[in-house]
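Shown here: data.cif, mmCIF, N, CA and C atoms.
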data_input
#
loop_
_atom_site.label_atom_id
_atom_site.label_comp_id
_atom_site.auth_asym_id
_atom_site.auth_seq_id
_atom_site.Cartn_x
_atom_site.Cartn_y
_atom_site.Cartn_z
N TYR A 62 10.72 29.89 -41.08
CA TYR A 62 11.02 29.80 -42.50
C TYR A 62 9.73 29.62 -43.26
N GLU A 63 9.60 30.38 -44.36
CA GLU A 63 8.40 30.29 -45.16
C GLU A 63 8.79 30.08 -46.61
N ALA A 64 8.20 29.06 -47.23
CA ALA A 64 8.47 28.81 -48.65
C ALA A 64 7.83 29.93 -49.46
N GLY A 65 8.47 30.31 -50.53
CA GLY A 65 7.99 31.43 -51.34
C GLY A 65 6.67 31.16 -52.03
N TRP A 66 6.38 29.93 -52.34
CA TRP A 66 5.16 29.63 -53.10
C TRP A 66 3.99 29.22 -52.21
N LEU A 67 4.20 29.18 -50.90
CA LEU A 67 3.13 28.86 -49.96
C LEU A 67 2.92 30.01 -48.99
N SER A 68 1.67 30.22 -48.63
CA SER A 68 1.39 31.24 -47.62
C SER A 68 1.67 30.64 -46.24
N GLY A 69 1.65 31.47 -45.22
CA GLY A 69 1.86 30.99 -43.86
C GLY A 69 0.79 30.00 -43.44
N GLU A 70 -0.44 30.24 -43.88
CA GLU A 70 -1.54 29.33 -43.55
C GLU A 70 -1.34 27.97 -44.21
N GLN A 71 -0.89 27.96 -45.46
CA GLN A 71 -0.66 26.69 -46.15
C GLN A 71 0.53 25.95 -45.54
N ASN A 72 1.55 26.68 -45.10
CA ASN A 72 2.66 26.04 -44.40
C ASN A 72 2.16 25.33 -43.14
N PHE A 73 1.27 25.98 -42.41
CA PHE A 73 0.72 25.38 -41.19
C PHE A 73 -0.09 24.13 -41.52
N ILE A 74 -0.83 24.15 -42.62
CA ILE A 74 -1.62 22.98 -43.03
C ILE A 74 -0.69 21.81 -43.31
N PHE A 75 0.40 22.06 -44.02
CA PHE A 75 1.35 20.98 -44.31
C PHE A 75 2.06 20.52 -43.04
N PHE A 76 2.29 21.42 -42.11
CA PHE A 76 2.85 21.03 -40.82
C PHE A 76 1.91 20.09 -40.09
N LEU A 77 0.60 20.42 -40.07
CA LEU A 77 -0.38 19.55 -39.42
C LEU A 77 -0.45 18.18 -40.10
N LEU A 78 -0.40 18.17 -41.42
CA LEU A 78 -0.42 16.89 -42.14
C LEU A 78 0.81 16.06 -41.83
N GLY A 79 1.97 16.72 -41.73
CA GLY A 79 3.18 16.00 -41.35
C GLY A 79 3.11 15.47 -39.94
N LEU A 80 2.57 16.26 -39.04
CA LEU A 80 2.39 15.81 -37.66
C LEU A 80 1.41 14.64 -37.59
N ALA A 81 0.34 14.71 -38.38
CA ALA A 81 -0.63 13.60 -38.42
C ALA A 81 0.03 12.34 -38.96
N GLY A 82 0.86 12.48 -39.98
CA GLY A 82 1.57 11.32 -40.52
C GLY A 82 2.51 10.71 -39.50
N GLY A 83 3.18 11.57 -38.74
CA GLY A 83 4.06 11.06 -37.69
C GLY A 83 3.30 10.34 -36.59
N LEU A 84 2.11 10.85 -36.26
CA LEU A 84 1.31 10.18 -35.24
C LEU A 84 0.69 8.89 -35.75
N LEU A 85 0.43 8.81 -37.04
CA LEU A 85 -0.14 7.59 -37.61
C LEU A 85 0.90 6.51 -37.90
N SER A 86 2.16 6.88 -37.93
CA SER A 86 3.20 5.91 -38.30
C SER A 86 3.30 4.71 -37.36
N PRO A 87 3.10 4.83 -36.05
CA PRO A 87 3.13 3.62 -35.22
C PRO A 87 2.05 2.62 -35.63
N TYR A 88 0.86 3.13 -35.96
CA TYR A 88 -0.23 2.24 -36.37
C TYR A 88 0.07 1.62 -37.74
N ILE A 89 0.66 2.38 -38.63
CA ILE A 89 0.96 1.87 -39.96
C ILE A 89 1.97 0.72 -39.87
N HIS A 90 2.92 0.83 -38.96
CA HIS A 90 3.93 -0.23 -38.80
C HIS A 90 3.46 -1.40 -37.96
N ASN A 91 2.56 -1.16 -37.04
CA ASN A 91 2.07 -2.23 -36.19
C ASN A 91 0.64 -1.89 -35.76
N THR A 92 -0.32 -2.69 -36.19
CA THR A 92 -1.72 -2.37 -35.94
C THR A 92 -2.12 -2.52 -34.47
N ARG A 93 -1.24 -3.07 -33.65
CA ARG A 93 -1.54 -3.13 -32.22
C ARG A 93 -1.58 -1.74 -31.60
N TYR A 94 -0.97 -0.78 -32.25
CA TYR A 94 -0.98 0.60 -31.75
C TYR A 94 -2.17 1.37 -32.33
N TRP A 95 -3.37 0.84 -32.14
CA TRP A 95 -4.59 1.43 -32.68
C TRP A 95 -4.86 2.83 -32.11
N TRP A 96 -4.37 3.09 -30.93
CA TRP A 96 -4.60 4.39 -30.28
C TRP A 96 -4.03 5.54 -31.10
N ALA A 97 -3.04 5.27 -31.94
CA ALA A 97 -2.42 6.32 -32.74
C ALA A 97 -3.35 6.85 -33.83
N VAL A 98 -4.40 6.09 -34.13
CA VAL A 98 -5.35 6.53 -35.15
C VAL A 98 -6.11 7.77 -34.69
N LEU A 99 -6.41 7.86 -33.40
CA LEU A 99 -7.21 8.99 -32.92
C LEU A 99 -6.52 10.34 -33.10
N PRO A 100 -5.34 10.59 -32.51
CA PRO A 100 -4.75 11.92 -32.71
C PRO A 100 -4.32 12.17 -34.15
N GLY A 101 -3.81 11.13 -34.80
CA GLY A 101 -3.40 11.30 -36.20
C GLY A 101 -4.58 11.59 -37.10
N GLY A 102 -5.67 10.86 -36.89
CA GLY A 102 -6.87 11.08 -37.70
C GLY A 102 -7.49 12.44 -37.45
N PHE A 103 -7.53 12.85 -36.18
CA PHE A 103 -8.11 14.16 -35.86
C PHE A 103 -7.28 15.29 -36.47
N LEU A 104 -5.96 15.18 -36.38
CA LEU A 104 -5.12 16.22 -36.99
C LEU A 104 -5.24 16.24 -38.50
N MET A 105 -5.34 15.05 -39.10
CA MET A 105 -5.48 14.99 -40.56
C MET A 105 -6.80 15.61 -41.00
N VAL A 106 -7.87 15.29 -40.30
CA VAL A 106 -9.17 15.87 -40.63
C VAL A 106 -9.14 17.39 -40.46
N GLY A 107 -8.57 17.86 -39.35
CA GLY A 107 -8.48 19.30 -39.14
C GLY A 107 -7.69 20.00 -40.23
N ALA A 108 -6.57 19.41 -40.64
CA ALA A 108 -5.76 20.01 -41.70
C ALA A 108 -6.51 20.02 -43.02
N LEU A 109 -7.21 18.94 -43.34
CA LEU A 109 -7.93 18.88 -44.61
C LEU A 109 -9.10 19.86 -44.65
N ILE A 110 -9.78 20.02 -43.52
CA ILE A 110 -10.88 21.00 -43.48
C ILE A 110 -10.32 22.42 -43.57
N TRP A 111 -9.19 22.66 -42.92
CA TRP A 111 -8.56 23.97 -43.01
C TRP A 111 -8.12 24.26 -44.45
N LEU A 112 -7.57 23.25 -45.11
CA LEU A 112 -7.16 23.41 -46.51
C LEU A 112 -8.37 23.68 -47.40
N LEU A 113 -9.44 22.91 -47.19
CA LEU A 113 -10.65 23.11 -47.98
C LEU A 113 -11.23 24.49 -47.73
N ASN A 114 -11.21 24.94 -46.51
CA ASN A 114 -11.74 26.26 -46.17
C ASN A 114 -10.88 27.38 -46.75
N SER A 115 -9.58 27.15 -46.91
CA SER A 115 -8.73 28.18 -47.52
C SER A 115 -8.92 28.23 -49.04
N MET A 116 -9.36 27.13 -49.64
CA MET A 116 -9.59 27.11 -51.09
C MET A 116 -11.00 27.57 -51.44
N ILE A 117 -11.99 27.15 -50.64
CA ILE A 117 -13.39 27.50 -50.86
C ILE A 117 -13.88 28.14 -49.57
N ASP A 118 -14.55 29.25 -49.68
CA ASP A 118 -15.06 29.91 -48.48
C ASP A 118 -16.31 29.18 -48.01
N LEU A 119 -16.14 28.33 -47.00
CA LEU A 119 -17.24 27.54 -46.47
C LEU A 119 -17.98 28.33 -45.41
N SER A 120 -19.27 28.07 -45.29
CA SER A 120 -20.03 28.69 -44.20
C SER A 120 -19.58 28.06 -42.89
N PRO A 121 -19.73 28.77 -41.77
CA PRO A 121 -19.30 28.20 -40.49
C PRO A 121 -20.00 26.88 -40.17
N GLY A 122 -21.29 26.79 -40.47
CA GLY A 122 -22.01 25.55 -40.18
C GLY A 122 -21.49 24.38 -40.98
N LEU A 123 -21.20 24.62 -42.27
CA LEU A 123 -20.71 23.54 -43.11
C LEU A 123 -19.30 23.11 -42.71
N SER A 124 -18.43 24.07 -42.40
CA SER A 124 -17.07 23.69 -42.01
C SER A 124 -17.06 22.93 -40.68
N HIS A 125 -17.91 23.33 -39.74
CA HIS A 125 -17.98 22.59 -38.47
C HIS A 125 -18.57 21.21 -38.68
N PHE A 126 -19.58 21.12 -39.55
CA PHE A 126 -20.16 19.81 -39.85
C PHE A 126 -19.11 18.88 -40.45
N LEU A 127 -18.36 19.39 -41.43
CA LEU A 127 -17.33 18.56 -42.07
C LEU A 127 -16.26 18.13 -41.07
N LEU A 128 -15.90 19.03 -40.15
CA LEU A 128 -14.91 18.69 -39.14
C LEU A 128 -15.41 17.55 -38.26
N PHE A 129 -16.62 17.67 -37.74
CA PHE A 129 -17.14 16.62 -36.87
C PHE A 129 -17.48 15.35 -37.64
N PHE A 130 -17.86 15.48 -38.91
CA PHE A 130 -18.08 14.29 -39.74
C PHE A 130 -16.76 13.54 -39.93
N GLY A 131 -15.67 14.27 -40.14
CA GLY A 131 -14.36 13.64 -40.24
C GLY A 131 -13.93 12.97 -38.95
N PHE A 132 -14.22 13.63 -37.82
CA PHE A 132 -13.94 13.00 -36.53
C PHE A 132 -14.73 11.71 -36.37
N SER A 133 -16.00 11.73 -36.78
CA SER A 133 -16.80 10.51 -36.65
C SER A 133 -16.28 9.42 -37.57
N LEU A 134 -15.78 9.77 -38.75
CA LEU A 134 -15.18 8.76 -39.63
C LEU A 134 -13.95 8.13 -38.98
N THR A 135 -13.19 8.92 -38.24
CA THR A 135 -12.04 8.38 -37.52
C THR A 135 -12.48 7.35 -36.49
N PHE A 136 -13.53 7.66 -35.75
CA PHE A 136 -14.05 6.71 -34.77
C PHE A 136 -14.61 5.47 -35.45
N PHE A 137 -15.34 5.65 -36.55
CA PHE A 137 -15.90 4.49 -37.25
C PHE A 137 -14.80 3.61 -37.83
N TYR A 138 -13.71 4.22 -38.27
CA TYR A 138 -12.57 3.42 -38.74
C TYR A 138 -12.03 2.55 -37.61
N LEU A 139 -11.90 3.14 -36.43
CA LEU A 139 -11.44 2.35 -35.27
C LEU A 139 -12.39 1.21 -34.96
N TYR A 140 -13.68 1.45 -35.11
CA TYR A 140 -14.66 0.40 -34.84
C TYR A 140 -14.54 -0.73 -35.85
N LEU A 141 -14.22 -0.41 -37.09
CA LEU A 141 -14.17 -1.42 -38.15
C LEU A 141 -12.84 -2.16 -38.24
N ILE A 142 -11.81 -1.73 -37.51
CA ILE A 142 -10.49 -2.36 -37.60
C ILE A 142 -10.51 -3.82 -37.15
N PRO A 143 -10.91 -4.12 -35.90
CA PRO A 143 -10.66 -5.46 -35.39
C PRO A 143 -11.67 -6.48 -35.90
N GLU A 144 -11.26 -7.73 -35.82
CA GLU A 144 -12.17 -8.83 -36.14
C GLU A 144 -13.29 -8.87 -35.11
N ASP A 145 -12.92 -8.77 -33.84
CA ASP A 145 -13.90 -8.77 -32.76
C ASP A 145 -14.24 -7.32 -32.43
N ARG A 146 -15.37 -6.86 -32.92
CA ARG A 146 -15.74 -5.45 -32.76
C ARG A 146 -16.27 -5.13 -31.37
N SER A 147 -16.51 -6.13 -30.55
CA SER A 147 -17.08 -5.84 -29.23
C SER A 147 -16.11 -5.03 -28.36
N ALA A 148 -14.81 -5.21 -28.58
CA ALA A 148 -13.84 -4.45 -27.79
C ALA A 148 -13.81 -2.98 -28.19
N PHE A 149 -14.26 -2.67 -29.39
CA PHE A 149 -14.23 -1.29 -29.88
C PHE A 149 -15.63 -0.72 -30.08
N ARG A 150 -16.59 -1.26 -29.36
CA ARG A 150 -17.97 -0.75 -29.47
C ARG A 150 -18.04 0.71 -29.05
N TRP A 151 -17.19 1.13 -28.13
CA TRP A 151 -17.17 2.52 -27.69
C TRP A 151 -16.88 3.46 -28.85
N ALA A 152 -16.09 3.00 -29.83
CA ALA A 152 -15.76 3.84 -30.97
C ALA A 152 -16.99 4.11 -31.84
N ALA A 153 -17.87 3.12 -31.95
CA ALA A 153 -19.10 3.33 -32.73
C ALA A 153 -19.99 4.36 -32.04
N TYR A 154 -20.12 4.26 -30.71
CA TYR A 154 -20.92 5.25 -29.99
C TYR A 154 -20.31 6.64 -30.10
N SER A 155 -19.01 6.73 -30.02
CA SER A 155 -18.35 8.03 -30.15
C SER A 155 -18.52 8.58 -31.56
N GLY A 156 -18.48 7.70 -32.55
CA GLY A 156 -18.69 8.13 -33.94
C GLY A 156 -20.08 8.67 -34.17
N VAL A 157 -21.07 8.00 -33.62
CA VAL A 157 -22.45 8.48 -33.75
C VAL A 157 -22.61 9.81 -33.03
N GLY A 158 -22.04 9.93 -31.85
CA GLY A 158 -22.14 11.18 -31.08
C GLY A 158 -21.51 12.35 -31.80
N THR A 159 -20.32 12.16 -32.33
CA THR A 159 -19.66 13.28 -33.02
C THR A 159 -20.37 13.62 -34.33
N PHE A 160 -20.95 12.61 -34.99
CA PHE A 160 -21.72 12.89 -36.19
C PHE A 160 -22.96 13.73 -35.85
N LEU A 161 -23.63 13.40 -34.75
CA LEU A 161 -24.80 14.17 -34.34
C LEU A 161 -24.43 15.60 -33.96
N VAL A 162 -23.29 15.77 -33.32
CA VAL A 162 -22.82 17.13 -33.02
C VAL A 162 -22.60 17.90 -34.31
N GLY A 163 -22.03 17.24 -35.31
CA GLY A 163 -21.85 17.88 -36.61
C GLY A 163 -23.17 18.27 -37.26
N LEU A 164 -24.17 17.39 -37.13
CA LEU A 164 -25.50 17.72 -37.67
C LEU A 164 -26.09 18.94 -36.98
N PHE A 165 -25.91 19.03 -35.67
CA PHE A 165 -26.43 20.20 -34.96
C PHE A 165 -25.71 21.47 -35.39
N PHE A 166 -24.41 21.40 -35.63
CA PHE A 166 -23.69 22.57 -36.16
C PHE A 166 -24.24 22.96 -37.52
N LEU A 167 -24.47 21.96 -38.36
CA LEU A 167 -24.99 22.24 -39.70
C LEU A 167 -26.37 22.88 -39.62
N TYR A 168 -27.19 22.41 -38.69
CA TYR A 168 -28.55 22.93 -38.58
C TYR A 168 -28.59 24.33 -37.96
N PHE A 169 -27.87 24.52 -36.88
CA PHE A 169 -28.01 25.78 -36.14
C PHE A 169 -27.05 26.87 -36.60
N ARG A 170 -25.95 26.53 -37.26
CA ARG A 170 -24.99 27.55 -37.66
C ARG A 170 -24.99 27.80 -39.15
N SER A 171 -25.83 27.11 -39.88
CA SER A 171 -25.88 27.31 -41.33
C SER A 171 -26.95 28.34 -41.66
N TYR A 172 -26.67 29.13 -42.69
CA TYR A 172 -27.61 30.16 -43.08
C TYR A 172 -28.43 29.74 -44.29
N GLU A 173 -28.20 28.54 -44.77
CA GLU A 173 -28.90 28.07 -45.97
C GLU A 173 -30.08 27.19 -45.56
N LYS A 174 -31.20 27.39 -46.25
CA LYS A 174 -32.38 26.58 -45.95
C LYS A 174 -32.19 25.13 -46.36
N THR A 175 -31.43 24.90 -47.44
CA THR A 175 -31.28 23.53 -47.93
C THR A 175 -30.60 22.63 -46.90
N SER A 176 -29.62 23.16 -46.18
CA SER A 176 -28.95 22.33 -45.17
C SER A 176 -29.89 22.05 -44.00
N LYS A 177 -30.72 23.01 -43.64
CA LYS A 177 -31.69 22.77 -42.56
C LYS A 177 -32.72 21.73 -42.99
N ILE A 178 -33.15 21.79 -44.23
CA ILE A 178 -34.11 20.80 -44.73
C ILE A 178 -33.45 19.42 -44.80
N ALA A 179 -32.19 19.37 -45.25
CA ALA A 179 -31.49 18.08 -45.36
C ALA A 179 -31.30 17.45 -43.98
N VAL A 180 -30.93 18.24 -42.99
CA VAL A 180 -30.75 17.71 -41.63
C VAL A 180 -32.09 17.23 -41.09
N SER A 181 -33.14 18.00 -41.31
CA SER A 181 -34.46 17.60 -40.83
C SER A 181 -34.91 16.29 -41.48
N LEU A 182 -34.73 16.17 -42.79
CA LEU A 182 -35.11 14.93 -43.48
C LEU A 182 -34.28 13.74 -43.01
N PHE A 183 -33.00 13.98 -42.75
CA PHE A 183 -32.14 12.90 -42.25
C PHE A 183 -32.63 12.41 -40.89
N LEU A 184 -32.92 13.36 -39.99
CA LEU A 184 -33.39 12.98 -38.66
C LEU A 184 -34.75 12.29 -38.71
N ILE A 185 -35.63 12.73 -39.61
CA ILE A 185 -36.92 12.06 -39.77
C ILE A 185 -36.71 10.65 -40.30
N GLY A 186 -35.78 10.48 -41.24
CA GLY A 186 -35.49 9.16 -41.77
C GLY A 186 -34.92 8.21 -40.73
N VAL A 187 -33.99 8.70 -39.92
CA VAL A 187 -33.41 7.87 -38.86
C VAL A 187 -34.48 7.50 -37.84
N GLY A 188 -35.32 8.46 -37.46
CA GLY A 188 -36.39 8.18 -36.52
C GLY A 188 -37.38 7.17 -37.08
N SER A 189 -37.72 7.28 -38.35
CA SER A 189 -38.63 6.31 -38.98
C SER A 189 -38.01 4.93 -39.02
N PHE A 190 -36.74 4.85 -39.34
CA PHE A 190 -36.05 3.56 -39.36
C PHE A 190 -36.07 2.90 -37.99
N LEU A 191 -35.76 3.68 -36.95
CA LEU A 191 -35.76 3.13 -35.60
C LEU A 191 -37.15 2.70 -35.16
N LEU A 192 -38.17 3.47 -35.53
CA LEU A 192 -39.54 3.12 -35.18
C LEU A 192 -39.97 1.83 -35.87
N ILE A 193 -39.71 1.72 -37.16
CA ILE A 193 -40.09 0.51 -37.90
C ILE A 193 -39.34 -0.70 -37.37
N ARG A 194 -38.08 -0.53 -37.07
CA ARG A 194 -37.29 -1.65 -36.54
C ARG A 194 -37.82 -2.11 -35.19
N SER A 195 -38.19 -1.18 -34.33
CA SER A 195 -38.72 -1.58 -33.02
C SER A 195 -40.09 -2.24 -33.17
N LEU A 196 -40.91 -1.77 -34.10
CA LEU A 196 -42.22 -2.40 -34.32
C LEU A 196 -42.06 -3.82 -34.87
N ARG A 197 -41.10 -4.01 -35.77
CA ARG A 197 -40.85 -5.37 -36.29
C ARG A 197 -40.39 -6.31 -35.19
N ARG A 198 -39.52 -5.83 -34.32
CA ARG A 198 -39.06 -6.67 -33.22
C ARG A 198 -40.21 -7.01 -32.28
N LYS A 199 -41.07 -6.04 -32.05
CA LYS A 199 -42.21 -6.28 -31.16
C LYS A 199 -43.17 -7.30 -31.75
N THR A 200 -43.45 -7.22 -33.05
CA THR A 200 -44.35 -8.18 -33.68
C THR A 200 -43.72 -9.55 -33.77
N ALA A 201 -42.41 -9.61 -33.98
CA ALA A 201 -41.71 -10.90 -34.02
C ALA A 201 -41.70 -11.55 -32.64
N ALA A 202 -41.55 -10.76 -31.59
CA ALA A 202 -41.54 -11.29 -30.23
C ALA A 202 -42.93 -11.76 -29.83
N SER A 203 -43.97 -11.07 -30.26
CA SER A 203 -45.33 -11.48 -29.89
C SER A 203 -45.78 -12.69 -30.71
N ALA A 204 -45.20 -12.91 -31.90
CA ALA A 204 -45.55 -14.07 -32.73
C ALA A 204 -44.96 -15.34 -32.15
N GLU A 205 -43.90 -15.22 -31.41
CA GLU A 205 -43.24 -16.42 -30.83
C GLU A 205 -43.94 -16.85 -29.64
#
Written as structure tokens, how would this file's structure read?
Amino acid sequence: YEAGWLSGEQNFIFFLLGLAGGLLSPYIHNTRYWWAVLPGGFLMVGALIWLLNSMIDLSPGLSHFLLFFGFSLTFFYLYLIPEDRSAFRWAAYSGVGTFLVGLFFLYFRSYEKTSKIAVSLFLIGVGSFLLIRSLRRKTAASAE
């Protein structure tokens, strides 16, 4: 069945959003079911990127970056849920990993120079931050 005012692709997007809502409902009713955030969040992100891509013609690199950025937000949400974050430290590592995969898609699959420059500047900034932080720790340890 196809609604007259929606295309087949838009029907599928709403189907994915409904499926994501159904998968998220156990978590919404009881936060002990945190595992439901992963499939529900991934389906929601996929549907929203598909919807955005049907409205605006995104480059392959940008659409893949947005997809993996949304996946990383899902993992970061899981990391931020509990009071004791040590049990969900794996979610932070997974979030960083999927974000980096998205950056690589943006860098290698994008045809625009601005996205390549932005990714390069971001990686230089992160590397500088990590270098400065390690140098501060080293000087603080040697001062003690």
Would you compute the distance between atom CA of Asn114 of chain A and atom N of Leu128 of chain A? Give it in Å to one decimal.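 For atom CA of Asn114 of chain A relative to atom N of Leu128 of chain A, the distance reads 10.3 Å.
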For Phe160 of chain A, the closest of A:Ser133, A:Ser176, A:Ser181, A:Asn72 counting all atoms listed in the file is A:Ser133
Residues matched by the PyMOL selection byres ((chain A and resi 152) around 6.5) as a compact mmCIF listing (two decimals) with N, CA and C atoms, in the frame of the given file:
# COMPACT_ATOMS: atom_id res chain seq x y z
N PHE A 136 -13.53 7.66 -35.75
CA PHE A 136 -14.05 6.71 -34.77
C PHE A 136 -14.61 5.47 -35.45
N PHE A 137 -15.34 5.65 -36.55
CA PHE A 137 -15.90 4.49 -37.25
C PHE A 137 -14.80 3.61 -37.83
N LEU A 139 -11.90 3.14 -36.43
CA LEU A 139 -11.44 2.35 -35.27
C LEU A 139 -12.39 1.21 -34.96
N TYR A 140 -13.68 1.45 -35.11
CA TYR A 140 -14.66 0.40 -34.84
C TYR A 140 -14.54 -0.73 -35.85
N PHE A 149 -14.26 -2.67 -29.39
CA PHE A 149 -14.23 -1.29 -29.88
C PHE A 149 -15.63 -0.72 -30.08
N ARG A 150 -16.59 -1.26 -29.36
CA ARG A 150 -17.97 -0.75 -29.47
C ARG A 150 -18.04 0.71 -29.05
N TRP A 151 -17.19 1.13 -28.13
CA TRP A 151 -17.17 2.52 -27.69
C TRP A 151 -16.88 3.46 -28.85
N ALA A 153 -17.87 3.12 -31.95
CA ALA A 153 -19.10 3.33 -32.73
C ALA A 153 -19.99 4.36 -32.04
N TYR A 154 -20.12 4.26 -30.71
CA TYR A 154 -20.92 5.25 -29.99
C TYR A 154 -20.31 6.64 -30.10
N SER A 155 -19.01 6.73 -30.02
CA SER A 155 -18.35 8.03 -30.15
C SER A 155 -18.52 8.58 -31.56
N GLY A 156 -18.48 7.70 -32.55
CA GLY A 156 -18.69 8.13 -33.94
C GLY A 156 -20.08 8.67 -34.17
N VAL A 157 -21.07 8.00 -33.62
CA VAL A 157 -22.45 8.48 -33.75
C VAL A 157 -22.61 9.81 -33.03
Practice item. Identify all residues satisfying the PyMOL selection byres ((chain A and resi 164) around 8) in the given file; provide them as a PyMOL selection string. Key: chain A and resi 125-127+129-130+158-163+165-170+180
- Message: If I take atom CA of Pro121 of chain A and atom CA of Gly186 of chain A, how far is one from the other in Å, to one decimal?
- Response: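 These two atoms are separated by 25.0 Å.
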Residues near segment 94-102 of chain A, anyone? I mean within 5 Å using only N, CA and C atoms, not counting same-chain ones fewer than 2 positions away, as a PDB file with N, CA and C atoms, in the frame of the given file.
ATOM      1  N   ALA A  81       0.340  14.710 -38.380  1.00  0.00           N
ATOM      2  CA  ALA A  81      -0.630  13.600 -38.420  1.00  0.00           C
ATOM      3  C   ALA A  81       0.030  12.340 -38.960  1.00  0.00           C
ATOM      4  N   LEU A  84       2.110  10.850 -36.260  1.00  0.00           N
ATOM      5  CA  LEU A  84       1.310  10.180 -35.240  1.00  0.00           C
ATOM      6  C   LEU A  84       0.690   8.890 -35.750  1.00  0.00           C
ATOM      7  N   LEU A  85       0.430   8.810 -37.040  1.00  0.00           N
ATOM      8  CA  LEU A  85      -0.140   7.590 -37.610  1.00  0.00           C
ATOM      9  C   LEU A  85       0.900   6.510 -37.900  1.00  0.00           C
ATOM     10  N   TYR A  88       0.860   3.130 -35.960  1.00  0.00           N
ATOM     11  CA  TYR A  88      -0.230   2.240 -36.370  1.00  0.00           C
ATOM     12  C   TYR A  88       0.070   1.620 -37.740  1.00  0.00           C
ATOM     13  N   ASN A  91       2.560  -1.160 -37.040  1.00  0.00           N
ATOM     14  CA  ASN A  91       2.070  -2.230 -36.190  1.00  0.00           C
ATOM     15  C   ASN A  91       0.640  -1.890 -35.760  1.00  0.00           C
ATOM     16  N   THR A  92      -0.320  -2.690 -36.190  1.00  0.00           N
ATOM     17  CA  THR A  92      -1.720  -2.370 -35.940  1.00  0.00           C
ATOM     18  C   THR A  92      -2.120  -2.520 -34.470  1.00  0.00           C
ATOM     19  N   LEU A 104      -5.960  15.180 -36.380  1.00  0.00           N
ATOM     20  CA  LEU A 104      -5.120  16.220 -36.990  1.00  0.00           C
ATOM     21  C   LEU A 104      -5.240  16.240 -38.500  1.00  0.00           C
ATOM     22  N   MET A 105      -5.340  15.050 -39.100  1.00  0.00           N
ATOM     23  CA  MET A 105      -5.480  14.990 -40.560  1.00  0.00           C
ATOM     24  C   MET A 105      -6.800  15.610 -41.000  1.00  0.00           C
ATOM     25  N   VAL A 106      -7.870  15.290 -40.300  1.00  0.00           N
ATOM     26  CA  VAL A 106      -9.170  15.870 -40.630  1.00  0.00           C
ATOM     27  C   VAL A 106      -9.140  17.390 -40.460  1.00  0.00           C
TER      28      VAL A 106
END
Students should find that atom N of Ser86 of chain A and atom CA of Ala148 of chain A are spaced 22.1 Å
Would you compute an axis-aligned box for segment 146-162 of chain A, covering every atom listed for it in the file with 6 Å of margin on each side, and report centre and edge lengths in Å to one decimal as AutoDock Vina command-line options?
--center_x -19.3 --center_y 5.5 --center_z -31.9 --size_x 23.0 --size_y 36.8 --size_z 20.5
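Distance annotation: of A:Ala202, A:Ile178, A:Val187, A:Leu112, the residue with the minimal separation from Leu78 of chain A is A:Leu112; atom set is only C-alpha atoms.
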Using only C-alpha atoms, the best pick from A:Gly79, A:Arg197, A:Phe103, A:Phe183 as closest to Tyr138 of chain A would be A:Phe103
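Using all atoms listed in the file, the shortest contact distance between Tyr172 of chain A and any of A:Gly122, A:Gly69, A:Gly107, A:Gly83 is found at A:Gly122.
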For Ser120 of chain A, the closest of A:Gln71, A:Ser147, A:Thr135, A:Ser171 counting only N, CA and C atoms is A:Ser171
